[in-house]
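Structure data follow from model10.cif (mmCIF, C-alpha atoms and all ligand atoms):
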```
data_coords
#
loop_
_atom_site.label_atom_id
_atom_site.label_comp_id
_atom_site.auth_asym_id
_atom_site.auth_seq_id
_atom_site.Cartn_x
_atom_site.Cartn_y
_atom_site.Cartn_z
CA MET A 1 30.14 8.00 5.27
CA SER A 2 29.52 4.25 5.11
CA LYS A 3 25.90 3.30 5.67
CA PRO A 4 25.00 0.64 8.24
CA ALA A 5 23.84 -2.69 6.81
CA VAL A 6 20.10 -3.30 6.96
CA GLN A 7 20.72 -6.23 9.29
CA SER A 8 21.88 -3.72 11.88
CA ILE A 9 18.48 -1.97 11.93
CA ARG A 10 16.94 -2.98 15.24
CA ARG A 11 14.60 -0.06 15.84
CA VAL A 12 12.02 1.45 13.49
CA ALA A 13 10.12 4.67 14.12
CA VAL A 14 6.48 4.68 12.97
CA ILE A 15 5.11 8.22 12.70
CA GLY A 16 1.32 8.40 12.43
CA THR A 17 -0.38 5.24 13.74
CA GLY A 18 -3.79 5.29 12.03
CA VAL A 19 -4.96 2.60 9.59
CA VAL A 20 -1.62 2.12 7.84
CA GLY A 21 0.81 3.08 10.62
CA ALA A 22 -0.79 0.62 13.07
CA SER A 23 -0.54 -2.18 10.52
CA TRP A 24 3.14 -1.38 9.78
CA THR A 25 3.80 -1.37 13.56
CA ALA A 26 2.21 -4.80 14.04
CA TYR A 27 4.33 -6.14 11.17
CA PHE A 28 7.66 -4.71 12.39
CA LEU A 29 7.04 -5.97 15.94
CA ALA A 30 6.14 -9.45 14.68
CA TYR A 31 9.47 -9.47 12.85
CA GLY A 32 11.18 -8.82 16.16
CA LEU A 33 12.07 -5.19 15.44
CA ASP A 34 11.59 -2.61 18.18
CA VAL A 35 9.15 0.14 17.25
CA ALA A 36 9.12 3.73 18.54
CA ALA A 37 5.69 5.09 17.59
CA SER A 38 4.22 8.58 17.66
CA ASP A 39 0.82 10.05 16.80
CA PRO A 40 -0.67 13.30 18.14
CA ALA A 41 -4.33 12.14 18.22
CA PRO A 42 -5.94 11.60 21.62
CA GLY A 43 -6.56 7.86 21.98
CA ALA A 44 -3.95 6.96 19.34
CA LYS A 45 -1.95 4.83 21.78
CA ASP A 46 -5.02 2.74 22.71
CA TYR A 47 -6.03 2.32 19.06
CA LEU A 48 -2.50 1.11 18.26
CA GLY A 49 -2.45 -1.33 21.19
CA GLY A 50 -5.82 -2.76 20.17
CA PHE A 51 -4.76 -3.14 16.54
CA ILE A 52 -1.54 -4.96 17.48
CA GLU A 53 -3.45 -7.39 19.72
CA ARG A 54 -5.92 -8.18 16.92
CA ALA A 55 -3.17 -8.60 14.29
CA ARG A 56 -0.86 -10.75 16.45
CA PRO A 57 -2.67 -14.11 15.93
CA ASP A 58 -2.95 -13.47 12.18
CA LEU A 59 0.77 -12.77 11.93
CA ALA A 60 1.53 -15.86 14.04
CA ARG A 61 -0.34 -17.98 11.46
CA LEU A 62 2.18 -16.65 8.92
CA GLY A 63 5.04 -17.71 11.17
CA LEU A 64 5.74 -14.17 12.38
CA THR A 65 6.02 -14.55 16.12
CA GLY A 66 8.78 -12.04 16.88
CA ASN A 67 8.40 -9.99 19.99
CA GLY A 68 9.77 -6.50 19.31
CA LYS A 69 9.45 -3.87 22.02
CA LEU A 70 6.93 -1.06 21.49
CA SER A 71 7.35 2.46 22.90
CA PHE A 72 4.95 5.35 22.33
CA HIS A 73 6.22 8.94 22.24
CA ALA A 74 4.37 12.23 22.47
CA GLN A 75 6.79 13.89 20.07
CA ALA A 76 7.73 12.51 16.64
CA GLU A 77 11.27 13.87 17.18
CA GLU A 78 11.66 11.65 20.24
CA ALA A 79 10.48 8.57 18.35
CA VAL A 80 12.94 8.97 15.47
CA ALA A 81 15.96 9.92 17.59
CA GLU A 82 17.41 6.40 17.81
CA ALA A 83 15.72 4.71 14.88
CA GLY A 84 17.61 3.11 11.98
CA PHE A 85 14.54 3.38 9.74
CA VAL A 86 11.55 5.74 9.81
CA GLN A 87 8.11 4.92 8.35
CA GLU A 88 5.90 8.03 8.06
CA ASN A 89 2.11 7.52 7.82
CA ALA A 90 0.59 10.92 8.59
CA PRO A 91 -2.48 12.25 6.73
CA GLU A 92 -2.27 12.58 2.94
CA ARG A 93 -1.65 16.36 2.76
CA GLU A 94 1.41 17.75 1.04
CA ASP A 95 1.81 20.76 3.38
CA LEU A 96 1.62 18.53 6.45
CA LYS A 97 4.02 15.90 5.08
CA ARG A 98 6.44 18.55 3.84
CA ASP A 99 6.70 20.05 7.30
CA LEU A 100 6.75 16.71 9.11
CA LEU A 101 9.42 15.14 6.88
CA ALA A 102 11.66 18.19 7.40
CA ARG A 103 11.24 17.77 11.19
CA LEU A 104 11.99 14.04 11.00
CA ASP A 105 15.02 14.76 8.83
CA ARG A 106 16.40 17.19 11.41
CA ALA A 107 15.72 14.92 14.39
CA SER A 108 16.87 11.52 13.10
CA SER A 109 20.29 9.93 12.72
CA PRO A 110 21.80 10.97 9.35
CA ASP A 111 22.17 7.27 8.48
CA ALA A 112 18.46 6.49 8.83
CA ILE A 113 16.18 6.14 5.81
CA ILE A 114 12.96 8.16 6.09
CA ALA A 115 10.16 6.47 4.14
CA SER A 116 6.75 7.99 3.47
CA SER A 117 3.73 5.72 2.93
CA THR A 118 2.06 8.34 0.71
CA SER A 119 -0.49 6.86 -1.70
CA SER A 120 -0.23 9.47 -4.40
CA LEU A 121 1.85 12.52 -3.44
CA LEU A 122 5.03 13.19 -5.40
CA ARG A 123 8.29 12.82 -3.50
CA SER A 124 9.76 15.96 -5.13
CA GLY A 125 7.04 18.08 -3.49
CA MET A 126 7.26 16.47 -0.06
CA VAL A 127 11.04 16.72 0.43
CA GLN A 128 11.43 20.41 -0.46
CA ASP A 129 12.23 21.54 3.09
CA CYS A 130 14.42 18.56 4.03
CA ALA A 131 18.10 19.24 4.73
CA THR A 132 19.12 15.77 3.47
CA PRO A 133 16.40 14.84 0.94
CA GLU A 134 18.57 12.12 -0.59
CA ARG A 135 17.62 9.74 2.26
CA VAL A 136 13.90 10.59 2.15
CA ILE A 137 11.91 8.23 -0.06
CA VAL A 138 8.38 7.14 -0.87
CA ALA A 139 7.65 3.61 0.38
CA HIS A 140 4.03 3.01 -0.46
CA PRO A 141 2.44 -0.11 1.05
CA PHE A 142 -0.86 -1.73 0.15
CA ASN A 143 -3.47 -1.90 2.86
CA PRO A 144 -3.14 -3.71 5.22
CA PRO A 145 0.69 -3.70 5.11
CA HIS A 146 0.95 -6.45 7.73
CA LEU A 147 -0.71 -8.87 5.28
CA VAL A 148 -0.03 -7.50 1.77
CA PRO A 149 3.64 -7.77 0.69
CA LEU A 150 3.97 -4.98 -1.91
CA VAL A 151 5.89 -1.79 -1.12
CA GLU A 152 6.61 0.69 -3.94
CA LEU A 153 9.81 2.75 -3.65
CA VAL A 154 10.64 6.12 -5.19
CA GLY A 155 13.79 8.11 -4.51
CA GLU A 156 17.54 8.40 -4.98
CA PRO A 157 19.03 5.05 -6.10
CA ASN A 158 21.26 4.64 -3.04
CA ALA A 159 18.36 5.16 -0.63
CA THR A 160 15.87 2.98 -2.53
CA ARG A 161 18.51 0.22 -2.77
CA ARG A 162 19.01 0.28 1.01
CA ALA A 163 15.26 0.41 1.60
CA ALA A 164 14.66 -2.47 -0.82
CA ASP A 165 17.27 -4.52 1.10
CA PHE A 166 15.56 -3.71 4.39
CA TYR A 167 12.01 -4.50 3.22
CA GLY A 168 13.19 -7.60 1.35
CA ALA A 169 14.93 -8.85 4.50
CA ILE A 170 11.65 -8.61 6.44
CA GLY A 171 9.54 -10.45 3.88
CA LYS A 172 8.06 -7.53 1.94
CA ARG A 173 8.09 -7.37 -1.88
CA PRO A 174 9.74 -4.08 -2.84
CA VAL A 175 9.32 -2.64 -6.33
CA VAL A 176 11.51 0.34 -7.31
CA LEU A 177 10.11 2.95 -9.73
CA LYS A 178 12.47 4.50 -12.29
CA ARG A 179 10.88 7.90 -11.74
CA GLU A 180 8.11 9.42 -9.62
CA ALA A 181 4.50 9.40 -10.84
CA VAL A 182 1.22 10.31 -9.14
CA GLY A 183 -0.16 7.08 -7.63
CA HIS A 184 3.13 5.19 -8.27
CA ILE A 185 2.36 1.93 -10.15
CA ALA A 186 -0.34 0.02 -8.29
CA ASN A 187 -2.60 2.96 -7.50
CA ARG A 188 -2.46 4.12 -11.13
CA LEU A 189 -3.65 0.65 -12.13
CA THR A 190 -6.34 0.49 -9.43
CA ALA A 191 -7.46 4.04 -10.34
CA ALA A 192 -7.90 2.98 -13.97
CA LEU A 193 -10.02 0.01 -12.91
CA TRP A 194 -12.04 2.05 -10.39
CA ARG A 195 -12.76 4.76 -12.96
CA GLU A 196 -14.15 2.17 -15.36
CA ALA A 197 -16.13 0.37 -12.59
CA LEU A 198 -17.88 3.66 -11.77
CA TYR A 199 -18.40 4.37 -15.47
CA ILE A 200 -20.05 0.96 -15.96
CA LEU A 201 -22.37 1.78 -13.03
CA GLU A 202 -23.09 5.29 -14.32
CA GLN A 203 -23.85 4.05 -17.82
CA GLY A 204 -26.31 1.44 -16.50
CA ILE A 205 -24.28 -1.47 -17.89
CA ALA A 206 -24.34 -3.40 -14.59
CA GLU A 207 -25.02 -3.01 -10.86
CA VAL A 208 -22.38 -2.75 -8.09
CA GLU A 209 -22.67 -6.41 -7.01
CA ASP A 210 -22.13 -7.71 -10.55
CA ILE A 211 -19.23 -5.35 -11.26
CA ASP A 212 -17.52 -6.53 -8.05
CA ALA A 213 -18.26 -10.19 -8.88
CA ALA A 214 -16.84 -9.73 -12.39
CA VAL A 215 -13.50 -8.80 -10.78
CA ALA A 216 -13.49 -11.06 -7.70
CA TYR A 217 -14.50 -14.22 -9.59
CA GLY A 218 -12.68 -13.45 -12.86
CA PRO A 219 -9.40 -11.60 -13.27
CA GLY A 220 -8.96 -11.10 -9.49
CA PRO A 221 -7.77 -14.64 -8.61
CA ARG A 222 -5.41 -14.64 -11.60
CA TRP A 223 -4.01 -11.26 -10.53
CA SER A 224 -3.13 -12.67 -7.09
CA HIS A 225 -0.66 -14.87 -8.96
CA MET A 226 0.54 -12.81 -11.95
CA GLY A 227 0.29 -9.29 -13.35
CA PRO A 228 -1.29 -8.09 -16.60
CA PHE A 229 1.73 -8.71 -18.82
CA MET A 230 2.17 -12.34 -17.79
CA THR A 231 -1.60 -12.84 -17.90
CA TYR A 232 -1.67 -11.81 -21.56
CA HIS A 233 1.45 -13.89 -22.28
CA LEU A 234 -0.76 -16.88 -21.46
CA GLY A 235 -3.71 -15.28 -23.27
CA GLY A 236 -1.63 -15.65 -26.46
CA GLY A 237 -1.47 -19.46 -26.15
CA PRO A 238 1.69 -21.14 -27.48
CA GLY A 239 2.62 -17.90 -29.31
CA GLY A 240 2.64 -16.03 -25.99
CA ILE A 241 2.68 -12.25 -25.66
CA GLN A 242 4.01 -11.74 -29.22
CA HIS A 243 0.97 -13.49 -30.67
CA TYR A 244 -1.39 -11.77 -28.18
CA MET A 245 -0.14 -8.30 -29.15
CA GLU A 246 -0.49 -9.03 -32.87
CA HIS A 247 -3.78 -10.95 -32.68
CA LEU A 248 -5.73 -9.18 -29.92
CA GLY A 249 -3.85 -5.89 -29.65
CA PRO A 250 -6.22 -4.15 -32.10
CA SER A 251 -9.26 -5.44 -30.16
CA GLN A 252 -7.81 -3.86 -26.99
CA VAL A 253 -7.56 -0.53 -28.83
CA ARG A 254 -11.27 -0.82 -29.78
CA ARG A 255 -12.13 -1.54 -26.10
CA TRP A 256 -10.08 1.44 -24.86
CA ARG A 257 -12.02 3.73 -27.21
CA ASP A 258 -15.24 2.69 -25.51
CA LEU A 259 -14.02 3.22 -21.92
CA GLY A 260 -15.14 6.36 -20.11
CA THR A 261 -14.76 8.78 -17.24
CA PRO A 262 -17.77 9.04 -14.91
CA ALA A 263 -19.07 12.33 -13.53
CA MET A 264 -18.23 12.25 -9.81
CA ASN A 265 -21.53 13.71 -8.66
CA GLU A 266 -24.15 13.16 -5.95
CA GLU A 267 -26.20 10.79 -8.09
CA LEU A 268 -23.23 8.48 -8.75
CA THR A 269 -22.24 8.59 -5.07
CA ARG A 270 -25.80 7.66 -4.04
CA ARG A 271 -25.90 4.71 -6.46
CA ALA A 272 -22.43 3.49 -5.41
CA VAL A 273 -23.30 3.71 -1.69
CA GLU A 274 -26.68 1.96 -2.14
CA GLY A 275 -25.07 -0.79 -4.20
CA VAL A 276 -22.24 -1.39 -1.74
CA LEU A 277 -24.62 -1.52 1.24
CA ARG A 278 -26.79 -4.05 -0.65
CA GLU A 279 -23.69 -6.13 -1.38
CA ALA A 280 -22.49 -5.89 2.25
CA ALA A 281 -25.91 -7.29 3.31
CA GLY A 282 -25.69 -6.03 6.88
CA ARG A 283 -22.02 -6.97 7.46
CA SER A 284 -20.17 -4.25 9.39
CA ILE A 285 -16.87 -2.74 8.22
CA GLY A 286 -15.18 -4.81 10.98
CA GLU A 287 -16.77 -8.03 9.70
CA LEU A 288 -15.83 -7.24 6.09
CA GLU A 289 -12.25 -6.46 7.16
CA ARG A 290 -12.14 -9.80 8.97
CA GLU A 291 -13.32 -11.63 5.83
CA ARG A 292 -10.72 -9.78 3.72
CA ASP A 293 -7.92 -10.50 6.19
CA GLU A 294 -8.88 -14.18 6.44
CA ALA A 295 -8.71 -14.50 2.63
CA LEU A 296 -5.34 -12.68 2.56
CA ILE A 297 -3.91 -14.90 5.33
CA ARG A 298 -4.98 -18.08 3.50
CA TRP A 299 -3.38 -16.74 0.30
CA ARG A 300 -0.15 -15.82 2.14
CA MET A 301 -0.05 -19.20 3.94
CA ALA A 302 -0.32 -20.98 0.57
CA ALA A 303 2.48 -18.78 -0.85
CA VAL A 304 4.74 -19.45 2.17
CA GLU A 305 4.05 -23.23 1.89
CA LYS A 306 4.87 -23.21 -1.86
CA SER A 307 8.15 -21.32 -1.38
CA GLY A 308 9.21 -23.39 1.64
N1 LIG B 401 -5.51 3.71 4.05
C1 LIG B 401 -4.93 3.14 3.01
O1 LIG B 401 -5.50 2.25 2.35
C2 LIG B 401 -3.52 3.51 2.63
C3 LIG B 401 -2.75 2.59 1.88
C4 LIG B 401 -1.43 2.93 1.56
C5 LIG B 401 -0.89 4.14 1.96
N2 LIG B 401 -1.66 5.02 2.68
C6 LIG B 401 -1.03 6.28 3.09
O2 LIG B 401 -0.70 6.21 4.46
C7 LIG B 401 -0.79 7.50 5.06
C8 LIG B 401 -1.74 7.44 6.23
O3 LIG B 401 -3.02 7.04 5.78
P1 LIG B 401 -4.06 6.31 6.77
O4 LIG B 401 -5.10 5.72 5.90
O5 LIG B 401 -3.33 5.46 7.75
O6 LIG B 401 -4.68 7.59 7.51
P2 LIG B 401 -5.30 7.69 8.99
O7 LIG B 401 -6.12 8.91 8.99
O8 LIG B 401 -5.92 6.39 9.38
O9 LIG B 401 -4.00 7.90 9.90
C9 LIG B 401 -3.25 9.09 9.90
C10 LIG B 401 -2.70 9.25 11.31
O10 LIG B 401 -1.78 10.35 11.31
C11 LIG B 401 -1.94 11.05 12.54
N3 LIG B 401 -1.41 12.41 12.39
C12 LIG B 401 -2.08 13.56 12.16
N4 LIG B 401 -1.21 14.60 12.10
C13 LIG B 401 0.03 14.07 12.32
C14 LIG B 401 1.32 14.63 12.42
N5 LIG B 401 1.53 15.93 12.27
N6 LIG B 401 2.34 13.78 12.69
C15 LIG B 401 2.16 12.46 12.84
N7 LIG B 401 0.95 11.88 12.75
C16 LIG B 401 -0.09 12.67 12.50
C17 LIG B 401 -3.44 11.01 12.79
O11 LIG B 401 -3.71 11.24 14.17
C18 LIG B 401 -3.79 9.60 12.35
O12 LIG B 401 -3.73 8.66 13.40
C19 LIG B 401 -1.26 8.45 3.94
O13 LIG B 401 -0.16 9.09 3.37
C20 LIG B 401 -1.92 7.51 2.94
O14 LIG B 401 -1.86 7.99 1.62
C21 LIG B 401 -2.95 4.73 3.05
#
```
Go ahead and express the file in the form of structure tokens.
Amino acid sequence: MSKPAVQSIRRVAVIGTGVVGASWTAYFLAYGLDVAASDPAPGAKDYLGGFIERARPDLARLGLTGNGKLSFHAQAEEAVAEAGFVQENAPEREDLKRDLLARLDRASSPDAIIASSTSSLLRSGMVQDCATPERVIVAHPFNPPHLVPLVELVGEPNATRRAADFYGAIGKRPVVLKREAVGHIANRLTAALWREALYILEQGIAEVEDIDAAVAYGPGPRWSHMGPFMTYHLGGGPGGIQHYMEHLGPSQVRRWRDLGTPAMNEELTRRAVEGVLREAAGRSIGELERERDEALIRWRMAAVEKSG
């Protein structure tokens, strides 16, 4: 059967409208796509409405002023029935996702792609009960998806190709993995950094505020422009990555030997929490989110200006 072109996708179903699902919904609507949403939690519809209202002015600053139509459905099956694309954002539990994806698979049009936002579950485990698993993929966004472009795709080549076309057409930056891996790409990298940040704290090398500053004022800004490979290409000077690997490769190996794995215990939790609250200096989660979003919007506006 020939698959419909991504341009013909007018309606997206968003299943699970918590932190990530609400952000996806705001993004799709601002692109002018209709969204059929579903979430079983009492109050989910109000939370979603509030999130969309708060996100709308931010998206408008990025030029996204589309006005897709939102509908909210009690049953996930109802929401997916007429959707050309399904974005699943239910809680991160394999048993729950396995059951839910099988239901969405049964209830949706056979042409629709079903994409799970899972942060670290393997696709092979989640699709076991699906009748047509070949159209069920992982499409992992970075929080908040309405402001951060990355979406990591895992699945059968035909489905990930169609999904990459769809996300690319709506301004996301899809990356397709060659095979599944726990945490995909970006969360493996962030997990490696987070493990070492906690180890530095545990070992008494530095306090939370200084560890955060060492990322936010050092490699962080560079990473918003280029990844680790390109960063070290420049670290090699005129000889580029070849020179870097030969010259500083052995020093990296020495550093890796000294890295560690912290004990995830009560003491480390207490020190992490105390440090973060000191660093937050009374700012609420809402205020910190606002600061983060403002920085992301300014970064995205600069990127849009550069490319335009
Ligand atoms: N929070 C993040 O930073 C982040 C980033 C990327 C991906 N993700 C992934 O997105 C997914 C959702 O995470 P979240 O942080 O938005 O969680 P969340 O707890 O904020 O939202 C989950 C939502 O799913 C709803 N839900 C519960 N059971 C359901 C069911 N059977 N069917 C449909 N919806 C159901 C809940 O009511 C809730 O609103 C997870 O797979 C997570 O790994 C999260």
Residues within 8 Å of ligand LIG 401 (chain B) (only C-alpha atoms and all ligand atoms), as an MDAnalysis selection string? chainID A and resid 15:22 38:42 44 76 88:93 96:97 100 116:121 140:145
Contacts of A:Arg61 at 8 Å (only C-alpha atoms; same-chain gap of 3+ positions) as a ChimeraX atom specification: /A:57-58,64,297,301
Could you write those residues out with C-alpha atoms, as a CSV table (one decimal), in the coordinates of the input?
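Dumped everything to selection25.csv:
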```csv
chain,number,residue,atom,x,y,z
A,57,PRO,CA,-2.7,-14.1,15.9
A,58,ASP,CA,-3.0,-13.5,12.2
A,64,LEU,CA,5.7,-14.2,12.4
A,297,ILE,CA,-3.9,-14.9,5.3
A,301,MET,CA,0.0,-19.2,3.9
```
Which residue out of A:Gly204, A:Pro133, A:Gly125, A:Gly286 has the minimum interatomic distance to A:Arg54 when only C-alpha atoms are used? A:Gly286
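Closest to A:Thr261 among A:Arg103, A:Arg290, A:His225, A:Arg195 is A:Arg195, based on all atoms listed in the file.
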Non-local contacts of A:Ala159 (8 Å; only C-alpha atoms; under 3 positions in same chain excluded) as a PyMOL selection string: chain A and resi 113+134-137+155-156+162-163
Applying 12 Å and all atoms listed in the file, which residues near A:Arg161 remain after dropping the ones on its own chain fewer than 2 positions away? List them as a PyMOL selection string. chain A and resi 3+5-6+113+135+137+139+152-159+163-168+174-177
With C-alpha atoms retained, export the selected residues as a PDB file, keeping the file's coordinate frame.
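Generated file (again.pdb):
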```pdb
ATOM      1  CA  LYS A   3      25.900   3.300   5.670  1.00  0.00           C
ATOM      2  CA  ALA A   5      23.840  -2.690   6.810  1.00  0.00           C
ATOM      3  CA  VAL A   6      20.100  -3.300   6.960  1.00  0.00           C
ATOM      4  CA  ILE A 113      16.180   6.140   5.810  1.00  0.00           C
ATOM      5  CA  ARG A 135      17.620   9.740   2.260  1.00  0.00           C
ATOM      6  CA  ILE A 137      11.910   8.230  -0.060  1.00  0.00           C
ATOM      7  CA  ALA A 139       7.650   3.610   0.380  1.00  0.00           C
ATOM      8  CA  GLU A 152       6.610   0.690  -3.940  1.00  0.00           C
ATOM      9  CA  LEU A 153       9.810   2.750  -3.650  1.00  0.00           C
ATOM     10  CA  VAL A 154      10.640   6.120  -5.190  1.00  0.00           C
ATOM     11  CA  GLY A 155      13.790   8.110  -4.510  1.00  0.00           C
ATOM     12  CA  GLU A 156      17.540   8.400  -4.980  1.00  0.00           C
ATOM     13  CA  PRO A 157      19.030   5.050  -6.100  1.00  0.00           C
ATOM     14  CA  ASN A 158      21.260   4.640  -3.040  1.00  0.00           C
ATOM     15  CA  ALA A 159      18.360   5.160  -0.630  1.00  0.00           C
ATOM     16  CA  ALA A 163      15.260   0.410   1.600  1.00  0.00           C
ATOM     17  CA  ALA A 164      14.660  -2.470  -0.820  1.00  0.00           C
ATOM     18  CA  ASP A 165      17.270  -4.520   1.100  1.00  0.00           C
ATOM     19  CA  PHE A 166      15.560  -3.710   4.390  1.00  0.00           C
ATOM     20  CA  TYR A 167      12.010  -4.500   3.220  1.00  0.00           C
ATOM     21  CA  GLY A 168      13.190  -7.600   1.350  1.00  0.00           C
ATOM     22  CA  PRO A 174       9.740  -4.080  -2.840  1.00  0.00           C
ATOM     23  CA  VAL A 175       9.320  -2.640  -6.330  1.00  0.00           C
ATOM     24  CA  VAL A 176      11.510   0.340  -7.310  1.00  0.00           C
ATOM     25  CA  LEU A 177      10.110   2.950  -9.730  1.00  0.00           C
TER      26      LEU A 177
END
```
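Comparing A:Cys130, A:Ala115, A:Ala192, A:Ala36 by their smallest distance to A:Thr160, the closest is A:Ala115 (using only C-alpha atoms).
Nearest to A:Ala102 of all the residues A:Glu209, A:Asp293, A:Asp129, A:Glu82 is A:Asp129, counting all atoms listed in the file.
Atom CA of A:Arg271 to atom CA of A:Val215 spans 18.8 Å [interatomic distance, one decimal].
Excluding A:Thr269 itself and any same-chain residue fewer than 5 positions from it, the protein and nucleic acid residues within 12 Å of it, counting all atoms listed in the file, are A:Leu198, A:Tyr199, A:Leu201, A:Glu202, A:Val208, A:Pro262, A:Ala263, A:Met264, A:Glu274, A:Gly275, A:Val276.
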Copy stretch 73-127 of chain A out of the block into a file, keeping C-alpha atoms, as a CSV table (one decimal), in the first residue's frame.
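decode-v3.csv, written as the output of this step:
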```csv
chain,number,residue,atom,x,y,z
A,73,HIS,CA,-11.0,12.7,24.0
A,74,ALA,CA,-11.8,10.5,27.0
A,75,GLN,CA,-10.5,7.4,25.2
A,76,ALA,CA,-7.1,7.2,23.5
A,77,GLU,CA,-8.8,5.0,20.7
A,78,GLU,CA,-11.1,7.9,19.8
A,79,ALA,CA,-8.2,10.3,19.6
A,80,VAL,CA,-6.1,8.2,17.2
A,81,ALA,CA,-9.0,7.1,15.0
A,82,GLU,CA,-8.5,9.8,12.3
A,83,ALA,CA,-4.9,10.9,13.0
A,84,GLY,CA,-2.2,10.7,10.4
A,85,PHE,CA,0.5,10.6,13.1
A,86,VAL,CA,0.4,9.5,16.7
A,87,GLN,CA,2.7,10.9,19.5
A,88,GLU,CA,2.6,8.7,22.6
A,89,ASN,CA,3.8,10.3,25.9
A,90,ALA,CA,2.4,8.1,28.7
A,91,PRO,CA,4.4,7.2,31.8
A,92,GLU,CA,7.8,5.6,31.4
A,93,ARG,CA,6.7,2.0,32.2
A,94,GLU,CA,7.3,-0.8,29.7
A,95,ASP,CA,4.2,-2.8,30.7
A,96,LEU,CA,2.0,0.3,30.4
A,97,LYS,CA,3.5,1.4,27.0
A,98,ARG,CA,3.4,-2.2,25.7
A,99,ASP,CA,-0.4,-2.4,26.3
A,100,LEU,CA,-1.1,1.2,25.2
A,101,LEU,CA,0.9,0.9,21.9
A,102,ALA,CA,-1.0,-2.3,21.1
A,103,ARG,CA,-4.3,-0.5,21.7
A,104,LEU,CA,-3.2,2.5,19.5
A,105,ASP,CA,-2.0,0.1,16.8
A,106,ARG,CA,-5.4,-1.6,16.7
A,107,ALA,CA,-7.4,1.7,16.8
A,108,SER,CA,-5.5,3.9,14.3
A,109,SER,CA,-5.4,4.0,10.5
A,110,PRO,CA,-2.9,1.5,9.2
A,111,ASP,CA,-1.1,4.3,7.4
A,112,ALA,CA,-0.4,6.3,10.6
A,113,ILE,CA,3.0,6.3,12.2
A,114,ILE,CA,2.9,5.7,16.0
A,115,ALA,CA,5.8,7.4,17.7
A,116,SER,CA,6.7,6.9,21.4
A,117,SER,CA,8.5,9.7,23.3
A,118,THR,CA,10.2,7.2,25.6
A,119,SER,CA,13.4,8.4,27.2
A,120,SER,CA,15.1,5.1,27.6
A,121,LEU,CA,12.9,2.1,27.0
A,122,LEU,CA,13.8,-0.2,24.1
A,123,ARG,CA,11.5,-0.3,21.1
A,124,SER,CA,11.8,-4.1,20.8
A,125,GLY,CA,10.2,-4.5,24.2
A,126,MET,CA,7.4,-2.0,23.8
A,127,VAL,CA,6.1,-3.2,20.4
```
